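So this one's structure08.cif, mmCIF, C-alpha atoms:
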data_query
loop_
_atom_site.label_atom_id
_atom_site.label_comp_id
_atom_site.auth_asym_id
_atom_site.auth_seq_id
_atom_site.Cartn_x
_atom_site.Cartn_y
_atom_site.Cartn_z
CA MET A 1 162.33 199.23 19.19
CA TYR A 2 158.72 199.16 20.15
CA ARG A 3 156.22 201.96 20.35
CA ARG A 4 154.38 202.83 23.49
CA ARG A 5 150.71 201.99 23.22
CA ILE A 6 148.20 204.70 24.01
CA ARG A 7 146.36 203.90 27.17
CA ALA A 8 142.61 203.71 26.52
CA ALA A 9 140.13 205.60 28.65
CA PRO A 10 138.05 203.57 31.08
CA GLU A 11 134.99 202.12 29.39
CA ASP A 12 132.64 203.16 32.17
CA ARG A 13 133.71 206.79 31.91
CA VAL A 14 133.26 206.81 28.14
CA GLN A 15 129.79 205.32 28.34
CA GLY A 16 128.84 207.67 31.16
CA CYS A 17 129.74 210.68 29.03
CA ALA A 18 128.12 209.32 25.89
CA VAL A 19 124.62 208.84 27.29
CA PRO A 20 124.03 212.42 28.58
CA SER A 21 125.51 213.93 25.42
CA THR A 22 123.23 211.72 23.33
CA VAL A 23 120.19 212.86 25.30
CA LEU A 24 121.15 216.51 24.79
CA LEU A 25 121.74 215.83 21.10
CA LEU A 26 118.29 214.26 20.76
CA PHE A 27 116.67 217.22 22.53
CA ALA A 28 118.47 219.63 20.21
CA TYR A 29 117.41 217.51 17.25
CA LEU A 30 113.75 217.59 18.32
CA ALA A 31 113.98 221.34 18.97
CA TYR A 32 115.32 221.85 15.46
CA LEU A 33 112.47 219.80 14.02
CA ALA A 34 110.03 221.85 16.10
CA LEU A 35 111.52 225.02 14.60
CA GLY A 36 111.01 223.73 11.08
CA THR A 37 107.51 222.55 11.94
CA GLY A 38 106.47 225.95 13.24
CA VAL A 39 107.93 227.87 10.33
CA PHE A 40 106.42 225.63 7.65
CA TRP A 41 103.09 225.63 9.46
CA THR A 42 103.07 229.42 9.63
CA LEU A 43 104.21 230.05 6.08
CA GLU A 44 102.24 227.35 4.28
CA GLY A 45 99.16 226.83 6.47
CA ARG A 46 97.35 230.01 5.41
CA ALA A 47 98.26 229.49 1.76
CA GLU A 48 96.78 225.99 1.96
CA GLN A 49 93.52 227.28 3.43
CA ASP A 50 93.20 230.02 0.81
CA SER A 51 93.88 227.56 -1.99
CA SER A 52 91.32 225.10 -0.60
CA ARG A 53 88.61 227.77 -0.31
CA SER A 54 89.35 229.04 -3.80
CA PHE A 55 89.16 225.55 -5.26
CA GLN A 56 85.85 224.75 -3.55
CA ARG A 57 84.37 228.05 -4.75
CA ASP A 58 85.51 227.48 -8.33
CA LYS A 59 84.20 223.93 -8.26
CA TRP A 60 80.70 224.93 -7.18
CA GLU A 61 80.59 227.82 -9.66
CA LEU A 62 81.56 225.41 -12.41
CA LEU A 63 78.84 222.96 -11.44
CA GLN A 64 76.21 225.72 -11.34
CA ASN A 65 77.18 227.37 -14.61
CA PHE A 66 77.92 224.27 -16.68
CA THR A 67 75.39 221.47 -16.49
CA CYS A 68 77.20 219.66 -19.31
CA LEU A 69 80.94 220.05 -19.18
CA ASP A 70 82.72 220.64 -22.45
CA ARG A 71 86.40 219.99 -23.09
CA PRO A 72 87.82 223.45 -22.21
CA ALA A 73 85.84 223.50 -18.96
CA LEU A 74 87.06 220.04 -18.06
CA ASP A 75 90.68 221.03 -18.82
CA SER A 76 90.28 224.06 -16.61
CA LEU A 77 88.95 221.92 -13.78
CA ILE A 78 91.85 219.48 -14.15
CA ARG A 79 94.38 222.30 -13.98
CA ASP A 80 92.73 223.63 -10.83
CA VAL A 81 92.80 220.16 -9.27
CA VAL A 82 96.51 219.71 -10.04
CA GLN A 83 97.42 223.16 -8.71
CA ALA A 84 95.37 222.67 -5.54
CA TYR A 85 97.01 219.28 -4.97
CA LYS A 86 100.47 220.83 -5.31
CA ASN A 87 99.48 223.46 -2.75
CA GLY A 88 98.50 220.75 -0.27
CA ALA A 89 94.76 221.45 -0.32
CA SER A 90 92.12 218.87 0.60
CA LEU A 91 90.26 218.31 -2.65
CA LEU A 92 87.16 216.57 -1.27
CA SER A 93 84.75 218.51 0.91
CA SER A 94 83.85 215.35 2.85
CA THR A 95 87.43 214.48 3.76
CA THR A 96 88.25 213.62 7.37
CA SER A 97 92.01 213.72 7.02
CA MET A 98 94.08 216.62 8.26
CA GLY A 99 95.55 219.14 5.87
CA ARG A 100 99.07 218.41 4.75
CA TRP A 101 100.36 221.79 5.91
CA GLU A 102 98.79 221.67 9.36
CA LEU A 103 100.89 221.05 12.46
CA LEU A 104 101.44 217.30 12.04
CA GLY A 105 101.78 217.59 8.29
CA SER A 106 104.45 220.28 8.66
CA PHE A 107 106.32 218.13 11.18
CA PHE A 108 106.28 215.16 8.82
CA PHE A 109 107.50 217.39 5.98
CA SER A 110 110.36 218.62 8.19
CA VAL A 111 111.35 215.01 8.93
CA SER A 112 111.23 214.00 5.27
CA THR A 113 113.35 217.06 4.38
CA ILE A 114 116.30 216.64 6.72
CA THR A 115 116.32 212.85 6.29
CA THR A 116 116.59 213.47 2.50
CA ILE A 117 113.64 211.13 1.80
CA GLY A 118 111.84 213.78 -0.23
CA TYR A 119 108.67 211.95 -1.30
CA GLY A 120 107.87 214.67 -3.83
CA ASN A 121 104.15 214.75 -3.07
CA LEU A 122 104.47 218.04 -1.19
CA SER A 123 106.69 221.07 -1.65
CA PRO A 124 106.69 224.68 -0.40
CA ASN A 125 104.61 227.02 -2.51
CA THR A 126 105.50 230.42 -1.09
CA MET A 127 108.88 231.98 -1.83
CA ALA A 128 109.54 232.64 1.85
CA ALA A 129 109.01 228.96 2.67
CA ARG A 130 111.26 227.91 -0.22
CA LEU A 131 114.10 230.14 1.00
CA PHE A 132 113.68 228.87 4.55
CA CYS A 133 113.66 225.28 3.27
CA ILE A 134 117.10 225.83 1.71
CA PHE A 135 118.70 226.96 4.99
CA PHE A 136 116.69 224.45 7.02
CA ALA A 137 117.98 221.57 4.90
CA LEU A 138 121.52 222.99 4.76
CA VAL A 139 121.86 222.73 8.53
CA GLY A 140 119.38 219.93 9.16
CA ILE A 141 120.88 217.31 6.84
CA PRO A 142 124.32 217.17 8.55
CA PHE A 143 122.56 217.48 11.91
CA ASN A 144 120.47 214.44 11.02
CA LEU A 145 123.60 212.51 10.02
CA VAL A 146 125.18 213.24 13.40
CA VAL A 147 122.06 211.99 15.21
CA LEU A 148 121.89 208.84 13.08
CA ASN A 149 125.57 208.15 13.69
CA ARG A 150 125.11 208.53 17.45
CA LEU A 151 122.04 206.30 17.53
CA GLY A 152 123.81 203.70 15.43
CA HIS A 153 126.81 203.84 17.77
CA LEU A 154 124.56 203.27 20.79
CA MET A 155 122.90 200.33 19.03
CA GLN A 156 126.32 198.88 18.30
CA GLN A 157 127.37 199.34 21.92
CA GLY A 158 124.26 197.46 23.02
CA VAL A 159 125.11 194.59 20.70
CA ASN A 160 128.71 194.59 21.95
CA HIS A 161 127.51 194.52 25.56
CA CYS A 162 125.27 191.54 24.85
CA SER A 163 128.14 189.84 23.04
CA SER A 164 130.52 190.32 25.96
CA ARG A 165 127.95 189.04 28.45
CA LEU A 166 127.25 185.96 26.37
CA GLY A 167 130.97 185.42 25.79
CA SER A 168 131.75 185.47 29.50
CA THR A 169 128.91 183.02 30.13
CA TRP A 170 129.65 180.58 27.34
CA GLN A 171 133.45 180.99 27.29
CA ASP A 172 133.16 181.25 23.51
CA PRO A 173 133.43 184.91 22.35
CA GLY A 174 133.34 183.97 18.67
CA LYS A 175 129.99 182.23 18.95
CA ALA A 176 128.64 184.94 21.26
CA ARG A 177 129.63 187.69 18.82
CA TRP A 178 127.92 185.86 15.97
CA LEU A 179 124.76 185.27 18.00
CA ALA A 180 124.57 188.91 19.18
CA GLY A 181 125.02 190.22 15.64
CA SER A 182 122.38 187.84 14.29
CA GLY A 183 119.99 188.86 17.07
CA ALA A 184 120.48 192.55 16.26
CA LEU A 185 119.85 191.89 12.58
CA LEU A 186 116.71 189.82 13.16
CA SER A 187 115.26 192.16 15.80
CA GLY A 188 115.86 195.14 13.50
CA LEU A 189 114.17 193.34 10.61
CA LEU A 190 111.21 192.60 12.84
CA LEU A 191 110.84 196.09 14.34
CA PHE A 192 111.59 198.23 11.29
CA LEU A 193 110.67 196.19 8.21
CA LEU A 194 108.34 193.28 9.07
CA LEU A 195 105.93 194.69 11.68
CA PRO A 196 105.36 198.27 10.36
CA PRO A 197 103.66 197.03 7.13
CA LEU A 198 100.91 195.58 9.34
CA LEU A 199 100.23 199.07 10.70
CA PHE A 200 100.31 200.59 7.22
CA SER A 201 97.92 197.94 5.92
CA HIS A 202 95.47 198.74 8.70
CA MET A 203 95.72 202.54 8.49
CA GLU A 204 96.12 203.00 4.74
CA GLY A 205 94.32 199.99 3.28
CA TRP A 206 97.48 198.76 1.52
CA SER A 207 98.47 195.15 1.08
CA TYR A 208 101.31 193.79 3.20
CA MET A 209 103.75 193.85 0.28
CA GLU A 210 102.84 197.47 -0.49
CA GLY A 211 103.50 198.37 3.14
CA PHE A 212 106.81 196.50 3.11
CA TYR A 213 107.77 198.28 -0.12
CA PHE A 214 106.96 201.67 1.44
CA ALA A 215 108.94 200.79 4.57
CA PHE A 216 112.14 199.94 2.70
CA ILE A 217 111.85 202.81 0.20
CA THR A 218 111.42 205.20 3.13
CA LEU A 219 114.23 203.91 5.38
CA SER A 220 116.65 203.74 2.46
CA THR A 221 115.80 207.43 1.72
CA VAL A 222 114.92 206.56 -1.87
CA GLY A 223 111.48 208.12 -1.42
CA PHE A 224 109.78 207.67 -4.78
CA GLY A 225 106.55 209.20 -3.51
CA ASP A 226 104.25 206.62 -5.10
CA TYR A 227 103.21 205.52 -1.60
CA VAL A 228 102.90 208.15 1.14
CA ILE A 229 101.07 207.83 4.44
CA GLY A 230 98.13 210.03 5.39
CA MET A 231 97.07 210.81 1.81
CA ASN A 232 93.77 208.93 1.56
CA PRO A 233 90.99 211.55 1.94
CA SER A 234 88.38 208.92 2.78
CA ARG A 235 90.19 207.73 5.91
CA ARG A 236 90.45 209.25 9.37
CA TYR A 237 93.99 209.32 10.72
CA PRO A 238 94.65 209.62 14.48
CA LEU A 239 96.98 212.29 15.81
CA TRP A 240 99.64 209.81 16.96
CA TYR A 241 99.99 208.16 13.55
CA LYS A 242 102.41 210.50 11.80
CA ASN A 243 104.36 211.10 15.03
CA MET A 244 104.94 207.37 15.44
CA VAL A 245 105.93 207.03 11.79
CA SER A 246 108.42 209.91 12.23
CA LEU A 247 110.09 208.13 15.17
CA TRP A 248 110.09 204.89 13.19
CA ILE A 249 111.87 206.68 10.34
CA LEU A 250 114.55 208.08 12.68
CA PHE A 251 115.44 204.84 14.47
CA GLY A 252 114.90 202.70 11.38
CA MET A 253 117.34 204.79 9.36
CA ALA A 254 119.90 204.49 12.18
CA TRP A 255 119.51 200.70 12.21
CA LEU A 256 119.72 200.41 8.43
CA ALA A 257 122.76 202.70 8.34
CA LEU A 258 124.44 200.43 10.91
CA ILE A 259 123.71 197.36 8.81
CA ILE A 260 125.04 199.08 5.67
CA LYS A 261 128.15 200.14 7.61
CA LEU A 262 128.83 196.56 8.67
CA ILE A 263 128.36 195.32 5.11
CA LEU A 264 130.73 197.99 3.77
CA SER A 265 133.34 197.12 6.40
CA GLN A 266 133.36 193.55 5.11
CA LEU A 267 133.34 194.50 1.42
CA GLU A 268 136.14 197.07 1.72
CA THR A 269 138.54 194.60 3.44
CA PRO A 270 137.87 191.26 1.73
CA GLY A 271 141.44 189.95 2.07
CA ARG A 272 142.34 191.54 5.39
CA VAL A 273 139.91 189.75 7.63
CA CYS A 274 141.69 187.78 10.29
CA SER A 275 141.19 187.32 13.95
CA CYS A 276 143.70 187.52 16.78
CA TYR A 277 141.45 185.56 19.03
CA HIS A 278 142.83 182.22 20.18
CA HIS A 279 140.62 179.68 21.93
CA SER A 280 142.45 180.09 25.22
CA SER A 281 142.11 182.14 28.36
CA LYS A 282 142.79 185.87 28.47
CA GLU A 283 145.90 185.32 30.57
CA ASP A 284 147.39 183.00 27.94
CA PHE A 285 146.58 185.49 25.19
CA LYS A 286 148.29 188.31 27.07
CA SER A 287 151.35 186.21 27.82
CA GLN A 288 151.67 185.24 24.16
CA SER A 289 151.00 188.65 22.66
CA TRP A 290 152.27 191.31 25.08
CA ARG A 291 155.02 191.86 27.59
CA GLN A 292 155.63 194.56 30.14
CA GLY A 293 158.22 197.16 29.21
CA PRO A 294 160.55 198.91 31.61
CA ASP A 295 157.95 201.59 32.34
CA GLN A 296 155.26 198.97 32.98
CA GLU A 297 153.61 199.78 29.66
CA PRO A 298 152.53 196.82 27.50
CA GLU A 299 154.67 196.34 24.42
CA SER A 300 154.33 194.06 21.46
CA HIS A 301 156.02 190.72 22.05
CA SER A 302 156.26 189.58 18.45
CA PRO A 303 155.51 192.33 15.93
CA GLN A 304 156.24 190.03 13.00
CA GLN A 305 153.26 187.91 13.95
CA GLU A 306 150.92 190.74 14.87
CA CYS A 307 147.41 190.44 13.46
CA TYR A 308 144.73 193.01 12.95
CA PRO A 309 142.66 192.78 16.14
CA GLU A 310 139.08 192.11 15.46
CA GLY A 311 136.71 194.65 16.96
CA PRO A 312 133.14 194.27 18.11
CA MET A 313 130.78 192.51 15.73
CA GLY A 314 133.66 191.52 13.52
CA ILE A 315 134.72 195.05 12.48
CA ILE A 316 138.47 195.25 11.95
CA ARG A 317 140.20 198.04 13.85
CA HIS A 318 142.71 199.71 11.58
CA LEU A 319 146.23 199.97 12.93
CA GLU A 320 148.89 202.51 12.17
CA PRO A 321 150.62 202.23 8.79
CA SER A 322 153.79 200.81 10.34
CA ALA A 323 151.83 198.18 12.20
CA GLN A 324 149.90 197.34 9.06
CA ALA A 325 153.13 196.77 7.16
CA ALA A 326 154.29 194.32 9.81
CA GLY A 327 150.91 192.64 10.34
CA CYS A 328 150.28 189.03 9.55
CA CYS A 329 147.05 189.72 7.64
CA LYS A 330 147.99 190.33 4.05
CA ASP A 331 145.91 190.71 0.94
CA SER A 332 145.01 187.36 -0.47
#

Before we go any further, please render this structure as structure tokens.
Amino acid sequence: MYRRRIRAAPEDRVQGCAVPSTVLLLFAYLAYLALGTGVFWTLEGRAEQDSSRSFQRDKWELLQNFTCLDRPALDSLIRDVVQAYKNGASLLSSTTSMGRWELLGSFFFSVSTITTIGYGNLSPNTMAARLFCIFFALVGIPFNLVVLNRLGHLMQQGVNHCSSRLGSTWQDPGKARWLAGSGALLSGLLLFLLLPPLLFSHMEGWSYMEGFYFAFITLSTVGFGDYVIGMNPSRRYPLWYKNMVSLWILFGMAWLALIIKLILSQLETPGRVCSCYHHSSKEDFKSQSWRQGPDQEPESHSPQQECYPEGPMGIIRHLEPSAQAAGCCKDS
């Protein structure tokens, strides 16, 4: 006795619903980041300015009163420098870089918070900002995961579309799927890991390997904080720089999460990987694998020989437990 297969929704209707919902999700995501940016800017901006003015005043008083610094005075200066740095103040009066708690700095801090990168070079100093950061991260982290999952799904759909187009042209879906997956991997490596270090080298004065190291540590959300953009006080950073890096972080994390997902799908099913694709036409495959039931619904023709159908990009679609027990793919 065979089970009735669930009829899938038309692909065009699914894609048509996915794109508008993704656009709305991205707008909501940007609005949430704008909320965090405004709150952090309001709560921490004035504290940063007060701390910077206080540090500059203490520094000049120290230079006027002590022509030869002794050890206690030097220790006091060092403590003031460390505290001012923690508060996000610009320590050099001749700096041309923007304050870390200004508008762009607050936006970048919001991005690094909900993406869980957490460089550690900057943290809220006021209690109000710390309490807001708790609730902001509590909602923002799962929100960010939803956005990354949606972006990764759209990337995977694009790869699947390219694979299907190439498969219909070459009459070789296996080769087309491999070529589309390799193209997605290489293009992602180029856009998110190989080209950005050139920008970091130009803007920050790092070497290419330092920029590549920062790129991977950032996209993998490790975030050691030993390399952070926009921290060199002797350099002038344009307004678009941190905004572009924030978008790079968002899409780069989605791409890297997709790659990690594909790797995990292969590692978790090492002995269950088999393909139901036969090098024949679609009509021959249907005639060998399915038959029409009395109610014109397709039914399994030979359940004893049923394989796990291979999904797009080689991901195995999991069947129901009963179908898995009767499948031909068994643990090696």

Exercise: Phe108 of chain A partners within 8 Å, all atoms listed in the file, chain neighbours under 2 positions left out, as a ChimeraX atom specification: /A:104-106,110-112,242-243,246

Selection dump of the PyMOL selection byres ((chain A and resi 208-220) around 9), as a VMD selection string: chain A and resid 117 119 192 to 201 204 206 to 207 221 to 224 226 to 228 248 to 250 252 to 254 256 to 257

Point-to-point distance from atom CA of Trp178 of chain A to atom CA of Ser163 of chain A, Å rounded to tenths: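 Here the two named atoms are 8.1 Å from each other.
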
Straight-line distance linking atom CA of His161 of chain A with atom CA of Arg177 of chain A, stated in Å to one decimal: 9.8 Å

Test item: the PyMOL selection byres ((chain A and resi 29-39) around 9) resolved as a count of residues only: 28

Return as JSON the box centre and box size in Å, one decimal, for an axis-aligned box around all listed atoms of segment 59-65 of chain A padded by 8 Å per side.
{"center_x": 80.2, "center_y": 225.4, "center_z": -10.9, "size_x": 24.0, "size_y": 20.9, "size_z": 23.4}
